[in-house]
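Enquirer: Contents of entry_30.cif (mmCIF, C-alpha atoms and all ligand atoms) are below:
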data_my_file
loop_
_atom_site.label_atom_id
_atom_site.label_comp_id
_atom_site.auth_asym_id
_atom_site.auth_seq_id
_atom_site.Cartn_x
_atom_site.Cartn_y
_atom_site.Cartn_z
CA PRO M 248 -51.48 50.37 -16.69
CA GLU M 249 -48.23 48.73 -15.62
CA THR M 250 -46.22 46.87 -18.22
CA ILE M 251 -43.13 44.72 -18.05
CA THR M 252 -40.91 43.06 -20.64
CA VAL M 253 -41.01 39.29 -20.85
CA GLN M 254 -37.28 39.20 -20.11
CA GLU M 255 -37.60 41.33 -16.99
CA LEU M 256 -40.48 39.23 -15.71
CA ALA M 257 -38.44 36.08 -16.36
CA ASN M 258 -35.56 37.57 -14.39
CA ARG M 259 -37.81 38.36 -11.46
CA MET M 260 -39.33 34.89 -11.57
CA ALA M 261 -35.92 33.26 -11.98
CA GLU M 262 -37.30 31.40 -14.97
CA LYS M 263 -35.98 31.11 -18.51
CA GLY M 264 -37.28 33.84 -20.81
CA ALA M 265 -37.75 31.23 -23.52
CA ASP M 266 -40.11 29.25 -21.27
CA LEU M 267 -42.24 32.34 -20.74
CA VAL M 268 -42.34 33.04 -24.48
CA LYS M 269 -43.38 29.43 -25.08
CA THR M 270 -46.16 29.63 -22.50
CA LEU M 271 -47.37 32.95 -23.87
CA PHE M 272 -47.43 31.48 -27.35
CA LYS M 273 -49.58 28.61 -26.11
CA MET M 274 -51.84 31.21 -24.54
CA GLY M 275 -52.26 32.77 -27.97
CA MET M 276 -49.86 35.65 -27.42
CA PRO M 277 -46.92 35.50 -29.78
CA VAL M 278 -44.44 37.94 -28.22
CA THR M 279 -40.67 38.12 -28.00
CA MET M 280 -38.44 38.50 -24.93
CA THR M 281 -38.03 42.23 -25.37
CA GLN M 282 -41.72 43.01 -25.86
CA THR M 283 -43.85 44.21 -23.01
CA ILE M 284 -46.95 42.54 -21.60
CA ASP M 285 -49.58 44.08 -19.36
CA GLN M 286 -50.05 43.40 -15.69
CA ASP M 287 -52.94 40.98 -16.12
CA THR M 288 -50.95 38.83 -18.50
CA ALA M 289 -47.94 39.02 -16.22
CA GLU M 290 -50.00 37.90 -13.24
CA LEU M 291 -51.43 35.08 -15.26
CA LEU M 292 -47.95 33.93 -16.17
CA VAL M 293 -46.79 34.15 -12.59
CA THR M 294 -49.71 31.94 -11.56
CA GLU M 295 -49.00 29.64 -14.46
CA PHE M 296 -45.48 29.06 -13.19
CA GLY M 297 -46.79 28.49 -9.69
CA HIS M 298 -45.00 31.45 -8.21
CA ASN M 299 -47.83 33.11 -6.34
CA ILE M 300 -48.55 29.88 -4.51
CA VAL M 301 -45.08 29.46 -3.07
CA ARG M 302 -43.77 32.96 -3.40
CA VAL M 303 -40.78 32.72 -1.11
CA SER M 304 -38.71 35.83 -0.84
CA ALA M 305 -34.96 35.65 -1.00
CA SER M 306 -34.73 36.74 2.62
CA ASP M 307 -36.86 33.77 3.70
CA ILE M 308 -34.76 31.41 1.69
CA ASP M 309 -31.60 32.86 3.09
CA LEU M 310 -32.88 32.64 6.63
CA GLN M 311 -31.35 35.99 7.39
CA ILE M 312 -27.86 35.15 6.30
CA ASP M 313 -25.80 38.32 6.59
CA THR M 314 -26.67 40.61 3.69
CA THR M 315 -25.31 43.80 5.20
CA GLU M 316 -23.08 45.96 3.10
CA ASP M 317 -19.49 46.40 4.13
CA ALA M 318 -18.41 49.67 5.70
CA GLU M 319 -16.53 52.04 3.43
CA ASP M 320 -13.27 51.73 5.36
CA THR M 321 -13.19 47.92 5.01
CA LEU M 322 -13.16 48.02 1.21
CA ALA M 323 -10.04 47.24 -0.80
CA PRO M 324 -9.55 47.26 -4.59
CA ARG M 325 -10.37 43.98 -6.32
CA ALA M 326 -9.61 42.59 -9.78
CA PRO M 327 -12.20 43.04 -12.54
CA VAL M 328 -14.16 39.99 -13.70
CA VAL M 329 -14.34 39.84 -17.49
CA THR M 330 -16.57 37.78 -19.82
CA ILE M 331 -15.83 37.37 -23.52
CA MET M 332 -18.81 37.28 -25.86
CA GLY M 333 -19.28 37.28 -29.60
CA HIS M 334 -20.37 35.33 -32.66
CA VAL M 335 -19.21 31.74 -33.16
CA ASP M 336 -15.77 31.46 -34.78
CA HIS M 337 -14.96 35.12 -34.22
CA GLY M 338 -12.15 34.06 -31.88
CA LYS M 339 -13.46 33.95 -28.29
CA THR M 340 -11.55 30.80 -27.36
CA SER M 341 -8.42 31.97 -29.20
CA LEU M 342 -8.53 35.30 -27.39
CA LEU M 343 -9.04 33.63 -24.00
CA ASP M 344 -6.01 31.44 -24.71
CA ALA M 345 -3.94 34.38 -25.89
CA LEU M 346 -4.84 36.43 -22.81
CA ARG M 347 -4.01 33.49 -20.59
CA GLY M 348 -0.57 33.63 -22.15
CA THR M 349 -0.03 37.16 -20.79
CA ASP M 350 0.05 35.76 -17.24
CA VAL M 351 3.44 36.25 -15.61
CA VAL M 352 2.64 33.71 -12.85
CA ALA M 353 1.66 30.77 -15.11
CA GLY M 354 5.31 30.29 -16.08
CA GLU M 355 6.36 30.02 -12.45
CA ALA M 356 3.65 27.44 -11.81
CA GLY M 357 5.11 25.27 -14.52
CA GLY M 358 2.63 26.41 -17.13
CA ILE M 359 0.02 23.92 -15.99
CA THR M 360 -3.37 25.51 -16.39
CA GLN M 361 -6.54 23.83 -15.31
CA HIS M 362 -9.90 24.40 -16.86
CA ILE M 363 -12.01 25.42 -13.88
CA GLY M 364 -14.40 27.84 -15.59
CA ALA M 365 -12.41 30.94 -14.79
CA TYR M 366 -8.80 32.00 -14.59
CA GLN M 367 -6.85 34.93 -13.29
CA VAL M 368 -3.91 36.56 -15.02
CA THR M 369 -1.32 38.65 -13.25
CA GLN M 370 0.29 41.44 -15.24
CA LYS M 371 3.87 42.66 -14.97
CA ASP M 372 2.68 45.49 -12.74
CA LYS M 373 1.15 42.85 -10.37
CA SER M 374 -2.41 43.88 -11.22
CA GLN M 375 -4.80 41.02 -11.90
CA ILE M 376 -7.73 40.32 -14.20
CA THR M 377 -10.17 37.44 -13.80
CA PHE M 378 -11.60 35.95 -17.00
CA LEU M 379 -14.65 33.75 -17.06
CA ASP M 380 -13.63 30.83 -19.21
CA THR M 381 -17.15 30.00 -20.30
CA PRO M 382 -17.59 32.21 -23.32
CA GLY M 383 -20.97 32.71 -24.86
CA HIS M 384 -23.98 34.70 -23.90
CA GLU M 385 -25.88 31.65 -22.72
CA ALA M 386 -23.73 31.25 -19.64
CA PHE M 387 -23.93 34.99 -19.10
CA THR M 388 -27.71 35.26 -19.33
CA GLU M 389 -28.32 32.06 -17.42
CA MET M 390 -26.27 33.39 -14.52
CA ARG M 391 -28.12 36.68 -14.65
CA GLN M 392 -31.48 34.95 -14.69
CA ARG M 393 -30.41 33.22 -11.52
CA GLY M 394 -29.65 36.57 -9.93
CA ALA M 395 -25.87 36.25 -10.20
CA ASN M 396 -24.19 39.29 -11.69
CA VAL M 397 -20.55 38.35 -11.55
CA THR M 398 -19.31 40.06 -14.71
CA ASP M 399 -17.87 43.57 -14.37
CA ILE M 400 -16.79 44.04 -17.99
CA VAL M 401 -17.78 42.35 -21.27
CA ILE M 402 -15.33 42.01 -24.14
CA LEU M 403 -17.26 41.83 -27.39
CA VAL M 404 -15.20 39.98 -29.98
CA VAL M 405 -15.99 40.86 -33.59
CA ALA M 406 -14.02 39.30 -36.44
CA ALA M 407 -12.87 42.11 -38.72
CA ASP M 408 -13.35 40.00 -41.85
CA ASP M 409 -16.84 38.80 -40.96
CA GLY M 410 -18.29 41.84 -39.21
CA LEU M 411 -21.45 41.99 -37.11
CA MET M 412 -23.35 38.72 -37.05
CA PRO M 413 -26.54 37.61 -35.24
CA GLN M 414 -24.78 36.46 -32.07
CA THR M 415 -22.78 39.69 -32.02
CA ILE M 416 -26.02 41.62 -31.87
CA GLU M 417 -27.45 39.28 -29.25
CA ALA M 418 -24.35 39.78 -27.15
CA ILE M 419 -24.72 43.57 -27.46
CA ASN M 420 -28.32 43.34 -26.30
CA HIS M 421 -27.53 41.10 -23.35
CA THR M 422 -24.68 43.33 -22.27
CA LYS M 423 -26.85 46.43 -22.46
CA ALA M 424 -29.67 44.74 -20.55
CA ALA M 425 -27.19 43.85 -17.81
CA GLY M 426 -25.82 47.39 -17.72
CA VAL M 427 -22.28 46.05 -17.95
CA PRO M 428 -19.64 48.18 -19.73
CA MET M 429 -18.29 46.75 -22.97
CA ILE M 430 -14.94 46.82 -24.70
CA VAL M 431 -14.97 45.90 -28.39
CA ALA M 432 -12.11 43.67 -29.52
CA ILE M 433 -11.92 43.79 -33.31
CA ASN M 434 -10.19 40.48 -33.99
CA LYS M 435 -8.42 38.85 -36.94
CA VAL M 436 -6.90 42.13 -38.12
CA ASP M 437 -4.03 40.06 -39.50
CA LYS M 438 -6.28 38.86 -42.33
CA HIS M 439 -6.10 40.90 -45.49
CA GLU M 440 -9.89 40.89 -45.83
CA ALA M 441 -10.09 42.58 -42.44
CA ASN M 442 -12.08 45.80 -42.37
CA PRO M 443 -12.09 47.18 -38.82
CA GLN M 444 -13.60 50.49 -39.87
CA ARG M 445 -16.63 48.71 -41.28
CA VAL M 446 -17.11 47.03 -37.89
CA ARG M 447 -17.05 50.40 -36.12
CA GLU M 448 -19.63 51.76 -38.55
CA ARG M 449 -21.94 48.78 -38.24
CA LEU M 450 -21.74 49.02 -34.43
CA LEU M 451 -23.29 52.48 -34.68
CA GLU M 452 -26.44 50.90 -36.07
CA HIS M 453 -26.72 49.07 -32.76
CA ASP M 454 -26.05 52.11 -30.62
CA VAL M 455 -22.51 51.11 -29.82
CA GLN M 456 -20.41 54.17 -30.43
CA VAL M 457 -16.69 53.52 -30.15
CA GLU M 458 -14.19 56.26 -29.34
CA ALA M 459 -13.00 56.61 -32.95
CA MET M 460 -16.62 57.34 -33.91
CA GLY M 461 -16.96 59.96 -31.21
CA GLY M 462 -18.43 57.69 -28.57
CA GLU M 463 -17.28 56.36 -25.21
CA THR M 464 -17.00 52.64 -25.84
CA GLN M 465 -13.39 51.52 -25.99
CA ASP M 466 -12.32 49.47 -28.96
CA VAL M 467 -9.07 47.75 -29.80
CA GLU M 468 -7.76 45.95 -32.85
CA VAL M 469 -6.33 42.55 -32.02
CA SER M 470 -5.15 39.34 -33.57
CA ALA M 471 -5.61 36.46 -31.17
CA LEU M 472 -3.72 34.29 -33.65
CA LYS M 473 -0.66 36.54 -33.97
CA LYS M 474 -0.97 37.76 -30.37
CA GLN M 475 -1.16 41.36 -31.49
CA GLY M 476 -2.87 44.13 -29.57
CA LEU M 477 -3.12 42.12 -26.35
CA ASP M 478 -1.23 44.67 -24.23
CA ASP M 479 -3.54 47.34 -25.57
CA LEU M 480 -6.60 45.25 -24.69
CA VAL M 481 -5.30 44.55 -21.19
CA GLU M 482 -4.63 48.24 -20.70
CA LYS M 483 -8.19 49.10 -21.72
CA ILE M 484 -9.59 46.52 -19.33
CA GLN M 485 -7.54 48.07 -16.52
CA LEU M 486 -8.70 51.54 -17.48
CA GLN M 487 -12.33 50.45 -17.47
CA ALA M 488 -11.81 48.68 -14.13
CA GLU M 489 -10.39 51.86 -12.64
CA LEU M 490 -13.44 53.81 -13.74
CA LEU M 491 -15.68 51.23 -12.07
CA GLU M 492 -13.77 51.55 -8.77
CA LEU M 493 -14.20 47.86 -8.03
CA ARG M 494 -13.77 47.17 -4.34
CA ALA M 495 -14.65 44.52 -1.77
CA ASN M 496 -14.01 43.74 1.88
CA PRO M 497 -11.47 40.89 1.95
CA ASP M 498 -11.65 40.57 5.72
CA ARG M 499 -14.97 38.89 6.46
CA PRO M 500 -16.63 35.47 6.03
CA ALA M 501 -16.59 34.69 2.32
CA GLU M 502 -19.40 35.01 -0.18
CA GLY M 503 -19.19 33.94 -3.78
CA THR M 504 -20.91 32.45 -6.79
CA VAL M 505 -20.74 29.03 -8.40
CA ILE M 506 -19.20 29.31 -11.88
CA GLU M 507 -19.11 25.60 -12.60
CA ALA M 508 -19.89 22.46 -10.63
CA LYS M 509 -19.54 18.77 -11.31
CA LEU M 510 -19.32 15.38 -9.71
CA ASP M 511 -15.71 14.31 -9.99
CA LYS M 512 -15.02 10.55 -9.91
CA GLY M 513 -12.12 10.77 -7.52
CA ARG M 514 -12.84 13.96 -5.61
CA GLY M 515 -16.62 13.96 -5.23
CA PRO M 516 -18.68 17.12 -5.78
CA VAL M 517 -16.45 20.00 -6.90
CA ALA M 518 -17.47 23.61 -7.50
CA THR M 519 -15.55 26.52 -8.93
CA ILE M 520 -16.36 29.53 -6.81
CA LEU M 521 -15.71 33.12 -7.72
CA VAL M 522 -15.33 34.93 -4.41
CA SER M 523 -17.24 38.22 -4.36
CA ARG M 524 -16.29 39.41 -0.88
CA GLY M 525 -14.46 38.09 2.14
CA THR M 526 -11.81 35.37 2.04
CA LEU M 527 -12.64 31.69 1.64
CA LYS M 528 -10.36 29.46 3.73
CA VAL M 529 -9.70 25.77 4.16
CA GLY M 530 -11.89 24.56 7.04
CA ASP M 531 -14.64 27.15 6.45
CA VAL M 532 -18.20 25.86 6.82
CA PHE M 533 -20.53 27.03 4.08
CA VAL M 534 -23.87 26.74 2.36
CA VAL M 535 -23.95 26.82 -1.44
CA GLY M 536 -27.33 26.81 -3.15
CA ALA M 537 -29.18 23.90 -1.60
CA GLU M 538 -25.97 22.15 -0.55
CA SER M 539 -23.67 22.61 2.39
CA GLY M 540 -20.11 21.65 3.22
CA LYS M 541 -16.78 22.31 4.84
CA VAL M 542 -13.82 23.36 2.69
CA ARG M 543 -11.56 20.31 2.50
CA ALA M 544 -9.22 21.77 -0.10
CA LEU M 545 -8.94 24.80 -2.37
CA ILE M 546 -7.28 24.53 -5.77
CA ASP M 547 -6.49 27.55 -7.91
CA ASP M 548 -6.62 27.88 -11.71
CA LYS M 549 -2.99 26.74 -11.97
CA GLY M 550 -3.76 23.50 -10.20
CA ARG M 551 -2.05 24.55 -6.98
CA GLN M 552 -3.48 23.83 -3.55
CA VAL M 553 -4.04 27.12 -1.77
CA LYS M 554 -5.09 27.91 1.77
CA GLN M 555 -7.39 30.79 0.90
CA ALA M 556 -9.01 32.79 -1.89
CA GLY M 557 -9.99 36.46 -1.72
CA PRO M 558 -12.30 38.75 -3.73
CA SER M 559 -12.39 38.13 -7.53
CA ALA M 560 -10.32 34.94 -7.20
CA PRO M 561 -11.69 31.80 -8.83
CA VAL M 562 -11.03 28.65 -6.87
CA GLU M 563 -12.10 25.02 -6.91
CA VAL M 564 -13.73 23.96 -3.67
CA LEU M 565 -13.75 20.39 -2.37
CA GLY M 566 -15.88 19.18 0.51
CA LEU M 567 -19.46 19.75 -0.72
CA SER M 568 -22.47 17.64 0.26
CA GLY M 569 -23.66 17.57 -3.37
CA VAL M 570 -23.38 19.36 -6.70
CA PRO M 571 -24.81 22.91 -6.70
CA MET M 572 -25.90 24.82 -9.83
CA ALA M 573 -23.97 27.45 -11.75
CA GLY M 574 -25.07 30.83 -10.42
CA ASP M 575 -25.80 29.53 -6.91
CA PRO M 576 -24.50 31.75 -4.12
CA LEU M 577 -21.98 30.48 -1.58
CA GLN M 578 -21.91 31.85 1.94
CA VAL M 579 -19.67 30.94 4.82
CA VAL M 580 -21.70 30.41 8.00
CA GLU M 581 -20.81 29.97 11.66
CA SER M 582 -21.54 26.27 12.19
CA GLU M 583 -22.18 23.00 10.40
CA ALA M 584 -25.59 22.75 12.04
CA ARG M 585 -26.49 26.15 10.62
CA ALA M 586 -25.19 25.23 7.15
CA ARG M 587 -27.26 22.04 7.13
CA GLU M 588 -30.34 23.87 8.36
CA VAL M 589 -30.17 26.44 5.54
CA ALA M 590 -29.39 23.79 2.90
CA GLU M 591 -32.29 21.61 4.05
CA TYR M 592 -34.63 24.57 4.04
CA ARG M 593 -33.59 25.44 0.50
CA GLN M 594 -33.99 21.80 -0.60
CA GLY M 595 -37.54 21.97 0.74
CA VAL M 596 -38.29 25.18 -1.13
CA LEU M 597 -36.81 23.73 -4.31
CA ASN M 598 -38.88 20.56 -4.06
CA GLN M 599 -42.03 22.52 -3.37
CA LYS M 600 -41.34 24.77 -6.35
CA ARG M 601 -40.73 21.82 -8.62
CA THR M 602 -44.06 20.25 -7.76
CA THR M 603 -46.03 23.47 -8.14
CA THR M 604 -44.45 24.56 -11.40
CA ALA M 605 -45.52 21.44 -13.27
CA PRO M 606 -47.16 22.63 -16.49
CA ALA M 607 -50.88 23.12 -16.11
CA SER M 608 -53.28 21.63 -18.62
CA LEU M 609 -54.50 23.81 -21.48
CA GLU M 610 -57.96 23.69 -19.95
CA THR M 611 -56.94 25.32 -16.68
CA MET M 612 -54.86 27.80 -18.62
CA PHE M 613 -57.86 28.95 -20.60
CA SER M 614 -60.30 28.95 -17.73
CA ALA M 615 -57.83 31.18 -15.94
CA LEU M 616 -57.95 33.55 -18.90
CA LYS M 617 -61.69 34.18 -18.56
P1 LIG J 1 -14.86 31.01 -31.10
O1 LIG J 1 -15.87 30.11 -31.74
O2 LIG J 1 -15.37 32.41 -31.02
O3 LIG J 1 -14.36 30.49 -29.78
O4 LIG J 1 -13.61 31.09 -32.11
P2 LIG J 1 -12.23 30.33 -32.06
O5 LIG J 1 -11.32 30.93 -31.09
O6 LIG J 1 -12.46 28.88 -31.97
O7 LIG J 1 -11.65 30.70 -33.51
C1 LIG J 1 -12.32 30.33 -34.70
C2 LIG J 1 -11.30 30.25 -35.84
O8 LIG J 1 -10.74 31.52 -36.10
C3 LIG J 1 -10.13 29.33 -35.53
O9 LIG J 1 -9.80 28.63 -36.71
C4 LIG J 1 -9.03 30.30 -35.14
O10 LIG J 1 -7.75 29.78 -35.41
C5 LIG J 1 -9.33 31.48 -36.01
N1 LIG J 1 -8.85 32.74 -35.41
C6 LIG J 1 -9.08 33.18 -34.16
N2 LIG J 1 -8.48 34.36 -33.96
C7 LIG J 1 -7.85 34.68 -35.12
C8 LIG J 1 -7.06 35.79 -35.55
O11 LIG J 1 -6.78 36.73 -34.83
N3 LIG J 1 -6.61 35.74 -36.84
C9 LIG J 1 -6.88 34.72 -37.70
N4 LIG J 1 -6.41 34.79 -38.93
N5 LIG J 1 -7.62 33.66 -37.31
C10 LIG J 1 -8.09 33.63 -36.05
MG MG J 2 -14.97 28.80 -28.73
#
For the structure just supplied, provide its representation as structure tokens.
Ligand code: GDP
Ligand code: MG
Expert:
Amino acid sequence: PETITVQELANRMAEKGADLVKTLFKMGMPVTMTQTIDQDTAELLVTEFGHNIVRVSASDIDLQIDTTEDAEDTLAPRAPVVTIMGHVDHGKTSLLDALRGTDVVAGEAGGITQHIGAYQVTQKDKSQITFLDTPGHEAFTEMRQRGANVTDIVILVVAADDGLMPQTIEAINHTKAAGVPMIVAINKVDKHEANPQRVRERLLEHDVQVEAMGGETQDVEVSALKKQGLDDLVEKIQLQAELLELRANPDRPAEGTVIEAKLDKGRGPVATILVSRGTLKVGDVFVVGAESGKVRALIDDKGRQVKQAGPSAPVEVLGLSGVPMAGDPLQVVESEARAREVAEYRQGVLNQKRTTTAPASLETMFSALK
């Protein structure tokens, strides 16, 4: 008989794994995210969450918005998108700040950096790297659960004095589940209690084999505090990016993903979009999640107004009808009427889903089990 892990089912249902675990527990089945359940149980869960009633496929929701792949000869190299994960206090924020300091363009822009959920650094050789500024595996898994796979490379930060901790192991598991390559940054090597070798050994227990231990995972010793090893880390990111052959067509209507969105007092709804393909331009009409809009202004991570943003560039977008959700896709469409039509359709689907996924009573749950 067919089986599926709770996590995988949650992904397919676009629901939180934890909610499925909770429901299963109430149904008398104490299982974890990584355990498998049989088809009957899976079907029961699907019904429980109301999905078979309003099972709307992505293509219906998208109303045939262009999903075609770009022809080989239209593809150009794009910057890698990097997420930093690791245990609390191991130095994620410090490392993000230190890496931001390697940007050769920030100085020119007057050093003003905005927090928009992602930033891009330009190296001396002009190559660029985009960092998601929302560290932590929650953001990462939540995006994935919503079908958005924006991360190309994960940097796993492990403090050399503290070693592998629960959230380190969680981050390893999430990264593996996503099939995203990992670079291990062994941080705080400036401390005299630091024991990088111990970290490498402990990683083996979790099937992460770094190069020094005969494996293929790159590792690098850094000190975010003393800004040591950063060039080495950047080089390893570039190397990994090269292996991935990251490319996108910059010359088409833009598509992207919401990284962050909020209602700004002065500016109205604002979303940070990471462009995945095409080029987003001022004046473009778009649909984003269940909202629509027309790009009124684009602001980059240095606070500068820009006219356009290409693949792997994070940019703040003004001119939305409302606040979308992190992980929502953005697509440029041909007309405002079309954008509104798609957004309204999606609003309808969302509302319908909300009403049918209201938790059922225990009674109906158990009668369904018979
Ligand atoms: P996060 O919780 O993973 O974001 O960790 P933070 O970046 O906030 O860092 C946690 C603490 O570790 C702070 O007090 C940092 O100053 C310190 N820290 C971060 N990186 C280093 C490092 O390379 N060396 C030393 N000695 N301390 C560091
Ligand atoms: Mg932090």
Enquirer: Which residues, written as a VMD selection string, have at least one atom at most 12 Å from range 546-554 of chain M, with only C-alpha atoms counted and residues fewer than 3 positions away on the same chain left out?
Expert: chain M and resid 347 350 352 to 368 377 to 380 514 517 to 521 526 to 531 542 to 543 557 560 to 566
Enquirer: Can you spit out the residues from that selection as a compact mmCIF listing (two decimals), in the coordinates of the input, using C-alpha atoms?
Expert:
# COMPACT_ATOMS: atom_id res chain seq x y z
CA ARG M 347 -4.01 33.49 -20.59
CA ASP M 350 0.05 35.76 -17.24
CA VAL M 352 2.64 33.71 -12.85
CA ALA M 353 1.66 30.77 -15.11
CA GLY M 354 5.31 30.29 -16.08
CA GLU M 355 6.36 30.02 -12.45
CA ALA M 356 3.65 27.44 -11.81
CA GLY M 357 5.11 25.27 -14.52
CA GLY M 358 2.63 26.41 -17.13
CA ILE M 359 0.02 23.92 -15.99
CA THR M 360 -3.37 25.51 -16.39
CA GLN M 361 -6.54 23.83 -15.31
CA HIS M 362 -9.90 24.40 -16.86
CA ILE M 363 -12.01 25.42 -13.88
CA GLY M 364 -14.40 27.84 -15.59
CA ALA M 365 -12.41 30.94 -14.79
CA TYR M 366 -8.80 32.00 -14.59
CA GLN M 367 -6.85 34.93 -13.29
CA VAL M 368 -3.91 36.56 -15.02
CA THR M 377 -10.17 37.44 -13.80
CA PHE M 378 -11.60 35.95 -17.00
CA LEU M 379 -14.65 33.75 -17.06
CA ASP M 380 -13.63 30.83 -19.21
CA ARG M 514 -12.84 13.96 -5.61
CA VAL M 517 -16.45 20.00 -6.90
CA ALA M 518 -17.47 23.61 -7.50
CA THR M 519 -15.55 26.52 -8.93
CA ILE M 520 -16.36 29.53 -6.81
CA LEU M 521 -15.71 33.12 -7.72
CA THR M 526 -11.81 35.37 2.04
CA LEU M 527 -12.64 31.69 1.64
CA LYS M 528 -10.36 29.46 3.73
CA VAL M 529 -9.70 25.77 4.16
CA GLY M 530 -11.89 24.56 7.04
CA ASP M 531 -14.64 27.15 6.45
CA VAL M 542 -13.82 23.36 2.69
CA ARG M 543 -11.56 20.31 2.50
CA GLY M 557 -9.99 36.46 -1.72
CA ALA M 560 -10.32 34.94 -7.20
CA PRO M 561 -11.69 31.80 -8.83
CA VAL M 562 -11.03 28.65 -6.87
CA GLU M 563 -12.10 25.02 -6.91
CA VAL M 564 -13.73 23.96 -3.67
CA LEU M 565 -13.75 20.39 -2.37
CA GLY M 566 -15.88 19.18 0.51
Enquirer: Pull the closest atom pair for each residue of chain M that gets at most 7 Å from ligand LIG 1 (chain J), along with the distance in Å to one decimal, counting all atoms listed in the file, ordering rows by chain and then ascending residue number, as a Markdown table.
Expert:
| residue | atom | partner | partner_atom | distance |
| --- | --- | --- | --- | --- |
| M:Gly333 | CA | J:LIG1 | O2 | 6.4 |
| M:His334 | CA | J:LIG1 | O2 | 6.0 |
| M:Val335 | CA | J:LIG1 | O1 | 4.0 |
| M:Asp336 | CA | J:LIG1 | O1 | 3.3 |
| M:His337 | CA | J:LIG1 | O2 | 4.2 |
| M:Gly338 | CA | J:LIG1 | O4 | 3.3 |
| M:Lys339 | CA | J:LIG1 | O2 | 3.7 |
| M:Thr340 | CA | J:LIG1 | O3 | 3.7 |
| M:Ser341 | CA | J:LIG1 | O5 | 3.6 |
| M:Leu342 | CA | J:LIG1 | O5 | 6.4 |
| M:Asn434 | CA | J:LIG1 | O11 | 5.1 |
| M:Lys435 | CA | J:LIG1 | O11 | 3.4 |
| M:Val436 | CA | J:LIG1 | O11 | 6.3 |
| M:Asp437 | CA | J:LIG1 | N3 | 5.7 |
| M:Lys438 | CA | J:LIG1 | N4 | 5.3 |
| M:Val469 | CA | J:LIG1 | O11 | 6.5 |
| M:Ser470 | CA | J:LIG1 | O11 | 3.3 |
| M:Ala471 | CA | J:LIG1 | O11 | 3.9 |
| M:Leu472 | CA | J:LIG1 | O11 | 4.1 |
| M:Lys473 | CA | J:LIG1 | O11 | 6.2 |
Enquirer: Could you tell me, as a list in words, which residues have any atom at most 6 Å from (-20.8, 21.6, 11.2), counting all atoms listed in the file?
Expert: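 Here is the list of nearby residues: Ser582, Glu583 and Ala584 of chain M.
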Enquirer: To one decimal in Å, tell me the separation between CA of Val401 in chain M and CA of Leu322 in chain M.
Expert: 23.6 Å
Enquirer: From the list M:Leu343, M:Leu271, M:Leu291, M:Leu597, which residue is nearest ligand MG 2 (chain J) when using all atoms listed in the file?
Expert: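 Of the candidates, the smallest distance to ligand MG 2 (chain J) is held by M:Leu343.
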Enquirer: Taking all atoms listed in the file into account, name the residue in M:Ile433, M:Val329, M:Leu545, M:Met412 that is nearest to Ala488 in chain M.
Expert: M:Val329
Enquirer: Determine, counting all atoms listed in the file, which protein, DNA and RNA residues have an atom within 10 Å of an atom of Thr504 in chain M; residues of the same chain fewer than 6 positions away are not included. Present the result as a PyMOL selection string.
Expert: chain M and resi 390+395-397+518-523+535-536+561+572-578
Enquirer: Which residues are near Gln487 in chain M? Cut-off 9 Å, all atoms listed in the file, ignore same chain within fewer than 5 positions. Put them as a count of residues only.
Expert: 8
Enquirer: Using all atoms listed in the file, pick whichever of M:Lys273, M:Arg391, M:Lys373, M:Arg499 has the shortest atom-to-atom distance to Val580 in chain M.
Expert: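 The answer is M:Arg499, which sits nearest to Val580 in chain M.
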Enquirer: Point out the residue among M:Arg449, M:Arg587, M:His384, M:Lys483 with the least atom-to-atom distance to ligand MG 2 (chain J), counting only C-alpha atoms and all ligand atoms.
Expert: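 Among M:Arg449, M:Arg587, M:His384, M:Lys483, it is M:His384 that comes nearest to ligand MG 2 (chain J).
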Enquirer: Compile the contact shell of range 264-270 of chain M as number ranges by chain: residues with an atom at most 7 Å away, counting only C-alpha atoms, same-chain residues fewer than 2 positions apart removed.
Expert: M: 253-254, 257, 262, 272-274, 278-280
Enquirer: Determine the nearest neighbour of Leu403 in chain M from the options M:Glu591, M:Asp372, M:Asp466, M:Glu448, counting all atoms listed in the file.
Expert: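 Going through M:Glu591, M:Asp372, M:Asp466, M:Glu448 one by one, the smallest distance to Leu403 in chain M is for M:Asp466.
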Enquirer: CA of Thr283 in chain M to CA of His453 in chain M: how many Å, to one decimal?
Expert: 20.3 Å
Enquirer: Would you fill out range 561-566 of chain M with N, CA and C atoms and return it as a compact mmCIF listing (two decimals), in the coordinates of the input?
Expert:
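Result went into result03.txt, see below:
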# COMPACT_ATOMS: atom_id res chain seq x y z
N PRO M 561 -10.96 33.04 -8.58
CA PRO M 561 -11.69 31.80 -8.83
C PRO M 561 -10.95 30.64 -8.18
N VAL M 562 -11.69 29.76 -7.56
CA VAL M 562 -11.03 28.65 -6.87
C VAL M 562 -11.94 27.42 -6.86
N GLU M 563 -11.33 26.26 -7.02
CA GLU M 563 -12.10 25.02 -6.91
C GLU M 563 -12.23 24.65 -5.45
N VAL M 564 -13.46 24.30 -5.07
CA VAL M 564 -13.73 23.96 -3.67
C VAL M 564 -14.10 22.49 -3.56
N LEU M 565 -13.43 21.79 -2.66
CA LEU M 565 -13.75 20.39 -2.37
C LEU M 565 -14.34 20.31 -0.98
N GLY M 566 -15.28 19.37 -0.81
CA GLY M 566 -15.88 19.18 0.51
C GLY M 566 -17.35 19.52 0.53
